[in-house]
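Colleague: Supplied in C-alpha cells, the structure appears directly below.
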Amino acid sequence: MTERIVGIKTPIKLEYTYTPGLASSRYLNGVARGKLIGQRCPECSKVYVPARGCCPACGVTLGEEVEVAQSGTITTFCVVNLPFYQAIKPPYVCASILLDGADMALFHLIQEVPAEEVRMGMRVEAVWVEPGELGPTMESIRYFRPTGEPDADYDSYKEHL
Amino acid sequence: MSELCAVVGVGQTQHSAKRDDVSIPGLVREAALRALDDAGMTFADIDAVVLGKAPDMFEGVMMPELYLADALGASGKPMLRVHTAGSVGGSTALVAASLIQAGVHGRVLCVAFEKQSESNATWAVTPSMPFQPPVVAGAGGYFTPHIRAYMKRSGAPPDVGIKVALKDRLNAIRNPYAHLHMPDITYEMIEESAMLWEPIRFHETCPSSDGACAMVLTSESIADATSKPPAWVWSTAMRSEPTMFSGRDQVNPQAGRDCAADVYEQAGITNPREEIDVAEVYVPFSWFEPMWMENLGFAPLGEGWKMTVEGATAFDGDLPINPSGGVLSSNPIGASGMLRFAEAALQVRGQAGEHQVPGAKKALGHAYGGGSQFFAMWIVGSDKPEGR
Amino acid sequence: MRDVAVVSFAQMPSVRREAQRNEVEMIGPVVQSAIERSGIGRKEIGFTVSGSSDYLAGQPFSFVMALDAVGAWPPIRESHVEMDGAWALYEAWVRLQHGDINSALVYAFGKSSPGSVRDLMALQLDPYCVAPLWPDAISLAALQARALLDRGDYSERDFAEVASRGRAAARDNPNSQVTGGADIDALLGEPYVASPLRRHACPPISDGAAAVVLAAEDTARRVCERPAWIRGIDHRIEPAALGVRDLTSSPSAELAAANAGVADGGVDVAELHAPFAHQELILRDALGLADGVAINPSGGALTANPLMVAGLIRIGEAAQRLIDGDATRAAAHATSGPCLQQNLVCVMETKQ
C-alpha cells in the first residue's frame with residue numbers, strides 16, 4: 001500500500017509591471033508634490049480623488065483637475081484587530097474619509113488616536129512622509145489623524161455611506 | 001416569451017476547511033454526480049455545462065473550465081465559465097437558466113466551486129497592489145464600515161449580529177453538508193469571541209471553505225417527465241452598479257433593490273414577506289441579514305433588524321432565512337451563491353431533509369458580490385408559474 | 001430563434017505595450033465608440049456582458065473596476081465571463097433570445113504586457129501534473145505544429161504563406177500591430193522560436209480592447225442599414241489532456257461550424273482566430289472553407305493578438321464587412337485554451 005498524497009507544493013511566481021493609467025498618474029504626480037489632485041466629471045460635476053479614469057456613474061472620461069483639501073471627515077470606519085501584513089500593530093482603524101472638496105470618500109488609515117475614540121463624523125487630516133521622501137506613491141501619505149475640530153454633522157456626510 | 005425552466009437535480013459536496021481527500025476535479029465531480037443522480041441522469045444526457053467560480057488565483061489555475069472539461073463530461077459540448085465575484089454562483093445558475101429559457105438547450109449542468117485551501121485566499125483577494133492605499137484589511141475591513149453605517153442609520157441594538165450568527169449556526173446543525181457544525185454554540189460564545197473587525201466578531205464571520213454545488217436545469221417537457229418533483233423557476237434577475245461613485249448607497253444598494261423588484265414583478269409577487277415562504281440569502285457577515293431584509297423589501301427601511309430580533313427569520317419564523325445555515329456556516333466562495341439558489345430549490349421540492357421548512361411552496365435564492373454591487377436572484381416554486 | 005445582429009463594432013489599435021492607459025481607460029473610449037456607432041442610447045442597452053482574465057491583469061476581480069467605463073448607473077443587467085469576449089457575445093445572444101430586451105453591449109479587454117504571457121498560459125494546464133513543469137504556450141503550439149507536419153499535408157512553407165498573407169492584409173488595418181516583411185523566403189530564413197515555429201508563425205504580444213453592440217429584430221433594422229444577422233452560433237470544448245486529442249484536427253471547431261451552419265451557404269469572408277499560423281490551416285479544414293473564401297482580411301491574430309479580445313475582434317471584423325456592404329455572408333471563429341481546445345463559430349449574413 002503506497003502512501004496517499006494529499007498535497008503537493010507547486011510554487012507560482014509571476015511578475016507584473018502595472019500601469020497606473022493617466023488618471024492615477026495625475027494623482028500620483030500631485031502626491032509627489034504633497035498635493036491631492038482629483039478630477040471633475042464633465043456630466044455630473046462630481047469630484048473624484050483619486051480619479052480612476054472614468055466617472056463610474058456616467059461612464060465618461062473625467063475632465064478638469066481639481067485640488068482638494070488635505071482634511072476631511074470620517075464617514076465610517078472599522079477597527080481591525082487582526083494582524084495583517086503591514087507593520088501596524090492591531091488594533092488599528094481603517095476609515096472612509098470624505099476630503100473637503102471631494103465627492104467620494106477614500107479609504108485610509110487613522111493614527112495618533114486610540115481606536116476606541118474614533119467616530120463617524122470625526123475631522124481628520126493627512127500626515128505626509130518627510131518632504132525629502134515624497135514620491136509618486138500611495139505611501140507618501142502615512143495616515144490621517146484627528147484635527148481636533150468639532151465633529152461634522154451627520155447630515156453633511158450621510159449621502160456618502 | 002421565454003421557455004419555462006426547472007431544477008430537476010441538486011448536488012453539493014461536504015463543505016470543510018480543507019478537502020484534501022479530493023483534487024479539484026474530484027471536488028466538482030462530487031457535486032455534479034450527486035446532481036445528476038438526483039435528476040436520474042448521467043453526463044451523457046447533458047447538452048451544455050456552465051462553470052462558475054471566483055478569482056482563479058484561489059486555486060492557481062487560470063480559466064479552470066479548460067482543465068475541468070473532462071471531469072465535468074463537457075467534451076464535445078458547449079462550456080461556459082462565469083465570474084461575477086461573490087455573486088458568481090448565482091450568476092452561473094442564471095446563465096444556465098438563460099440557456100434553457102432561450103430555448104437553446106434542454107438539459108444544462110451548472111457547477112460552482114471553490115477550493116480555497118489550494119492557495120492563500122486572503123492573499124488572492126487582497127494582494128498588495130501598487131497605486132492603492134497601503135491599507136490591507138481583508139474583506140471584513142471593506143464591509144464592516146457599511147455595517148457601522150447601517151447601525152447608525154437604523155438604531156439597531158448592538159447584538160443583532162450575534163442573534164443572526166446564533167440562528168444560522170443552529171440551523172447548520174440540521175444540514176449534513178454544512179462546514180460548521182457547532183451543536184454547543186451559545187449567544188455568550190459568539191459575544192465573547194474575538195472582535196476581528198469591530199463591530200464584527202469572529203463567530204459573526206463566514207468560514208473559509210472548500211466545496212462545490214451543482215444543479216441540473218431542464219426545459220418544461222423534460223422536467224414534466226422526471227420522477228422527483230422539480231423546482232420551477234418563476235423568475236430570474238441580475239443587476240450591477242459601479243463599486244464606488246459619489247452618493248452611492250453602500251448599505252442599501254440600488255442594484256439590490258432593483259434586482260429584487262424585478263424578480264418579484266416577473267413572479268407576480270406584490271407582498272414578498274407574505275408570498276415567499278423561505279429565502280436563502282447571501283449573508284457572509286451576520287449584520288448583512290438585517291441589511292438585506294430591507295434591501296429585499298421584506299422589512300421597511302430601518303426595520304430589518306426587527307425581523308431578526310422578533311424571530312421572524314428563525315427556522316420556525318414566518319419567513320425563515322437560511323435554514324441551511326447559510327454562508328455563515330459554509331463559504332466555498334464561488335459556490336456560495338449557487339448554494340443559496342440550490343437550497344431554495346430543495347425547499348420547494350420538499351427535499352431539504354432535516355432543514356426542510358414545512359410546506360414551503362415558493363422560495364427566493366439570493367447572491368451578491370463585489371462591493372455589494374453585483375446581485376443575482378431567482379424565485380423558485382413547487383408549482384409552475386401561474387398561467388403556464 | 002429570434003433574429004439578432006451585430007450593429008456596431010469598435011476596437012482600439014492593438015499595441016505591444018499600452019504604457020499610458022490602464023484597463024478602464026482603454027475600455028472607456030472603445031465602449032463609447034461602439035455605443036455611438038450603434039445609434040442606441042447608452043441607457044437603452046438591455047444587457048451588458050464582458051470577457052477578461054484576472055491572471056492576465058495580474059489582479060483578482062479585474063473586471064470589477066472595468067465596469068467604471070460603462071457608466072452602470074442606474075444599475076444595469078450585467079454579467080461577465082472569464083473567457084474571450086466572443087463567449088460574452090454568445091451569452092448576450094442567448095439572453096436576447098428571451099424576448100424581453102432588444103439590445104446588448106459586449107466588451108472585452110486584455111493587457112498581455114504586464115506579465116510574461118508565454119509562461120502564464122501554463123497555468124491553464126493540469127495544476128498537479130503538468131503546470132508545475134511550466135510548459136510554455138509557444139512550445140505547446142509547436143507540438144501541435146510538429147504533429148501537423150508529420151501528418152504530411154502541410155509544410156513549413158505553408159505556415160509562412162499564412163503569415164505572409166496576414167501581414168500583407170494587416171497593412172490595410174490600422175488596428176493591427178505586425179505589418180512587417182511578407183516575403184516568404186525571408187520569413188523561412190528566420191530562426192526557430194520553438195521548432196517548427198518561427199517568429200512569423202507565432203502571434204505578437206498585444207494589449208487591446210473591443211466592443212460590439214447587438215440588437216434584435218426591429219431594433220437592429222431601425223439603427224443599422226445592413227445589420228450583420230447572426231444565423232448560427234455554437235461553441236464546443238475538447239478534453240484538456242493534450243495526449244488524448246488528435247492535435248492535427250479540430251473536432252470541436254468542426255462540430256461548432258456544423259451547428260452554426262457554415263456549410264448552409266457560400267462564405268465570402270472568414271475571420272479565424274488562429275494565434276499560430278498552422279492553426280489557421282487546421283481551422284480552414286475544420287470549417288470546410290472553400291478555396292475562394294477570403295480568410296482573415298484583417299490580418300488575423302498573427303498580426304494582433306490581445307488575449308481575451310482577439311476572438312471578439314474576429315466577430316467584429318467579420319460583421320463590419322457585412323455592415324459596410326463588402327460581403328454578404330461571413331464566418332467568424334474564436335478559440336480558447338492550448339492547441340485550439342475550445343472553439344466558437346458564428347455565421348452572419350446581411351440577408352433578412
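Identifiers in the C-alpha cells: chain A, B, ... in order shown; residue index from 1 per chain; ligand index from 1 in order shown.
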Give me, as number ranges by chain, the residues of chain C touching chain B, with the criterion being at most 7 Å (counting only C-alpha atoms).

Modeller: C: 54-55, 60-61, 67-68, 72-73, 75-83, 94-95, 97-99, 123-127, 235-240, 252, 337

Colleague: Mind writing the picked residues with C-alpha atoms as a JSON list (two decimals), in the first residue's frame?

Modeller:
```json
[["chain", "number", "residue", "atom", "x", "y", "z"],
["C", 54, "ASP", "CA", -7.76, 38.07, -13.80],
["C", 55, "TYR", "CA", -4.48, 36.22, -14.34],
["C", 60, "PRO", "CA", -8.32, 39.41, -8.77],
["C", 61, "PHE", "CA", -11.70, 40.90, -9.71],
["C", 67, "LEU", "CA", -17.35, 48.46, -15.01],
["C", 68, "ASP", "CA", -16.39, 52.10, -14.34],
["C", 72, "ALA", "CA", -23.51, 51.32, -14.85],
["C", 73, "TRP", "CA", -25.83, 53.78, -13.21],
["C", 75, "PRO", "CA", -27.98, 49.77, -12.17],
["C", 76, "ILE", "CA", -27.80, 47.56, -15.25],
["C", 77, "ARG", "CA", -28.34, 43.90, -16.14],
["C", 78, "GLU", "CA", -24.75, 42.74, -16.37],
["C", 79, "SER", "CA", -22.63, 39.61, -16.42],
["C", 80, "HIS", "CA", -19.02, 38.59, -17.01],
["C", 81, "VAL", "CA", -17.26, 35.54, -18.40],
["C", 82, "GLU", "CA", -13.67, 34.71, -17.53],
["C", 83, "MET", "CA", -13.23, 33.92, -21.23],
["C", 94, "VAL", "CA", -28.66, 33.77, -25.65],
["C", 95, "ARG", "CA", -30.03, 36.47, -23.37],
["C", 97, "GLN", "CA", -33.48, 35.16, -27.22],
["C", 98, "HIS", "CA", -35.65, 35.64, -24.13],
["C", 99, "GLY", "CA", -37.52, 38.38, -25.93],
["C", 123, "LEU", "CA", -1.47, 27.84, -15.52],
["C", 124, "GLN", "CA", -4.30, 26.69, -17.79],
["C", 125, "LEU", "CA", -2.96, 23.15, -17.59],
["C", 126, "ASP", "CA", -3.45, 20.33, -15.09],
["C", 127, "PRO", "CA", -2.23, 22.01, -11.88],
["C", 235, "HIS", "CA", -19.16, 26.58, -29.33],
["C", 236, "ARG", "CA", -17.61, 23.29, -28.21],
["C", 237, "ILE", "CA", -14.79, 22.18, -25.94],
["C", 238, "GLU", "CA", -12.37, 19.24, -26.07],
["C", 239, "PRO", "CA", -10.55, 17.40, -23.30],
["C", 240, "ALA", "CA", -7.76, 19.25, -21.57],
["C", 252, "SER", "CA", -14.73, 20.90, -31.63],
["C", 337, "GLY", "CA", -7.15, 27.00, -24.35]]
```

Colleague: Contacts from chain A to chain B, 8 Å maximum, only C-alpha atoms: show me the residue list as JSON, numbers by chain.

Modeller: {"A": [6, 7, 12, 18, 20, 24, 28, 46, 48, 55, 56, 57, 76, 77, 78, 79, 80, 81, 82, 84, 85, 86, 94, 95, 96, 103, 104, 107, 108, 109, 137, 138, 139, 159, 160, 161]}

Colleague: Counting only C-alpha atoms, what are the residues of chain A within 10 Å of chain C, and for each of them which pair of atoms is the nearest and at what distance in Å, to one decimal? Sort the table by chain and rising number, as a tab-separated table.

Modeller:
```
residue	atom	partner	partner_atom	distance
A:Gly7	CA	C:Tyr128	CA	9.0
A:Ile8	CA	C:Tyr128	CA	7.5
A:Lys9	CA	C:Tyr128	CA	9.1
A:Thr10	CA	C:Pro132	CA	5.9
A:Pro11	CA	C:Pro132	CA	8.0
A:Ile12	CA	C:Pro132	CA	8.3
A:Lys13	CA	C:Leu120	CA	9.6
A:Leu14	CA	C:Gly115	CA	7.0
A:Glu15	CA	C:Gly115	CA	5.7
A:Tyr16	CA	C:Gly115	CA	4.4
A:Thr17	CA	C:Pro114	CA	4.5
A:Tyr18	CA	C:Pro114	CA	5.8
A:Thr19	CA	C:Asn22	CA	5.7
A:Pro20	CA	C:Asn22	CA	6.0
A:Gly21	CA	C:Arg21	CA	4.2
A:Leu22	CA	C:Arg21	CA	5.6
A:Ala23	CA	C:Arg21	CA	8.4
A:Ser24	CA	C:Asn22	CA	9.0
A:Ser25	CA	C:Gln20	CA	8.8
A:Arg52	CA	C:Val24	CA	7.6
A:Gly53	CA	C:Glu25	CA	5.6
A:Cys54	CA	C:Ala69	CA	5.7
A:Cys55	CA	C:Asp68	CA	6.6
A:Pro56	CA	C:Asp68	CA	4.1
A:Ala57	CA	C:Gly71	CA	4.7
A:Cys58	CA	C:Gly71	CA	4.5
A:Gly59	CA	C:Gly71	CA	3.5
A:Val60	CA	C:Ala69	CA	7.1
A:Thr61	CA	C:Gly28	CA	7.2
```

Colleague: Considering only C-alpha atoms, return as a list in words whatever protein or nucleic-acid residues lie within 12 Å of Arg33 (chain A), sequence-local ones (same chain, fewer than 5 positions apart) excluded.

Modeller: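 Result of the neighbour search: Arg26, Tyr27, Leu28, Glu67, Trp128, Val129, Glu130, Pro131, Gly132, Glu133, Leu134, Gly135, Pro136, Thr137, Ser140 and Ile141 of chain A.
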
Colleague: Using only C-alpha atoms, which protein or nucleic acid residues come within 12 Å of Ala201 (chain C)? Drop anything in the same chain fewer than 4 positions from it, and give the result as a PyMOL selection string.

Modeller: chain C and resi 138+141-142+145+156-167+178+182+184+187-188+190-197+274-281+300-303

Colleague: Which residues are near Ala169 (chain C)? Cut-off 7 Å, only C-alpha atoms, ignore same chain within fewer than 4 positions. Put them as an MDAnalysis selection string.

Modeller: chainID C and resid 165 297:299

Colleague: Residues near Ala215 (chain C), anyone? I mean within 6 Å using only C-alpha atoms, not counting same-chain ones fewer than 6 positions away, as a list in words.

Modeller: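 Contacts, in chain order: Val4, Ala5, Asn102 and Ser103 of chain C.
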
Colleague: Write the residues you've just listed into a file as a PDB file, in the first residue's frame, and include N, CA and C atoms for each of them.

Modeller:
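Writing done, so here's selection-v7.pdb:
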```pdb
ATOM      1  N   VAL C   4     -31.023  38.185 -34.286  1.00  0.00           N
ATOM      2  CA  VAL C   4     -30.146  39.097 -33.551  1.00  0.00           C
ATOM      3  C   VAL C   4     -28.975  39.434 -34.457  1.00  0.00           C
ATOM      4  N   ALA C   5     -28.549  40.693 -34.434  1.00  0.00           N
ATOM      5  CA  ALA C   5     -27.477  41.120 -35.335  1.00  0.00           C
ATOM      6  C   ALA C   5     -26.431  41.946 -34.604  1.00  0.00           C
ATOM      7  N   ASN C 102     -33.918  44.133 -26.142  1.00  0.00           N
ATOM      8  CA  ASN C 102     -33.661  44.206 -27.579  1.00  0.00           C
ATOM      9  C   ASN C 102     -32.250  44.617 -27.958  1.00  0.00           C
ATOM     10  N   SER C 103     -31.390  44.859 -26.980  1.00  0.00           N
ATOM     11  CA  SER C 103     -30.018  45.232 -27.338  1.00  0.00           C
ATOM     12  C   SER C 103     -29.059  44.802 -26.238  1.00  0.00           C
TER      13      SER C 103
END
```

Colleague: Of the residues A:Ile110, A:Ala51, A:Cys41, A:Val124, which is the one nearest to Ile88 (chain A), using only C-alpha atoms?

Modeller: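 Of A:Ile110, A:Ala51, A:Cys41, A:Val124, the one nearest Ile88 (chain A) is A:Ile110, counting only C-alpha atoms.
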
Colleague: Can you measure CA of Met377 (chain B) to CA of Gln266 (chain B) for me? One decimal in Å is fine.

Modeller: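 Computing it gives 11.7 Å between the two atoms.
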
Colleague: Set the distance at 7 Å and use only C-alpha atoms: which residues neighbour region 28-42 of chain B once local chain neighbours fewer than 4 positions away are removed? I'd like the list as number ranges by chain.

Modeller: B: 8-13, 24, 71-72, 111, 113, 212-216

Colleague: With C-alpha atoms retained, could you export that selection as a PDB file, in the first residue's frame?

Modeller:
```
ATOM      1  CA  VAL B   8     -34.532  18.685 -11.534  1.00  0.00           C
ATOM      2  CA  GLY B   9     -31.281  17.802  -9.805  1.00  0.00           C
ATOM      3  CA  VAL B  10     -29.300  19.298  -6.941  1.00  0.00           C
ATOM      4  CA  GLY B  11     -25.961  18.186  -5.549  1.00  0.00           C
ATOM      5  CA  GLN B  12     -23.408  19.587  -3.173  1.00  0.00           C
ATOM      6  CA  THR B  13     -20.235  18.412  -1.546  1.00  0.00           C
ATOM      7  CA  ILE B  24     -10.171  19.999  -7.800  1.00  0.00           C
ATOM      8  CA  ALA B  71     -14.049  15.953 -15.283  1.00  0.00           C
ATOM      9  CA  LEU B  72     -17.436  17.537 -15.954  1.00  0.00           C
ATOM     10  CA  VAL B 111     -21.452  23.785 -11.327  1.00  0.00           C
ATOM     11  CA  PHE B 113     -16.846  25.637  -6.692  1.00  0.00           C
ATOM     12  CA  ALA B 212     -18.908  22.748  -4.724  1.00  0.00           C
ATOM     13  CA  CYS B 213     -22.535  22.849  -5.750  1.00  0.00           C
ATOM     14  CA  ALA B 214     -24.231  21.643  -8.915  1.00  0.00           C
ATOM     15  CA  MET B 215     -27.697  21.698 -10.435  1.00  0.00           C
ATOM     16  CA  VAL B 216     -29.339  20.138 -13.449  1.00  0.00           C
TER      17      VAL B 216
END
```

Colleague: What parts of region 74-261 of chain C does DSSP call alpha helix (DSSP H)? I'd like the answer as number ranges by chain.

Modeller: C: 85-96, 117-120, 137-151, 156-170, 184-188, 217-223, 251-260

Colleague: Between A:Thr73, A:Pro91, A:Glu64, A:Leu99, which one has atoms that come closest to Glu149 (chain A), using only C-alpha atoms?

Modeller: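 Closest candidate: A:Thr73.
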
Colleague: For each of C:Gly51, C:Pro338, C:Gly41, C:Gly265, take the minimum atom-to-atom distance to Arg245 (chain C), counting only C-alpha atoms, then give the residue where this is smallest.

Modeller: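 Residue with the minimum atom-to-atom distance to Arg245 (chain C): C:Pro338.
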
Colleague: From a DSSP calculation on the backbone, collect every residue of region 194-298 of chain B in strand (DSSP E or B) and output the set as a PyMOL selection string.

Modeller: chain B and resi 195-198+200-201+205+210-219+231-240+278-280+285

Colleague: From the options B:Ser87, B:Gln116, B:Ser286, B:Thr313, which residue's atoms come nearest to Val357 (chain B), counting only C-alpha atoms?

Modeller: B:Thr313
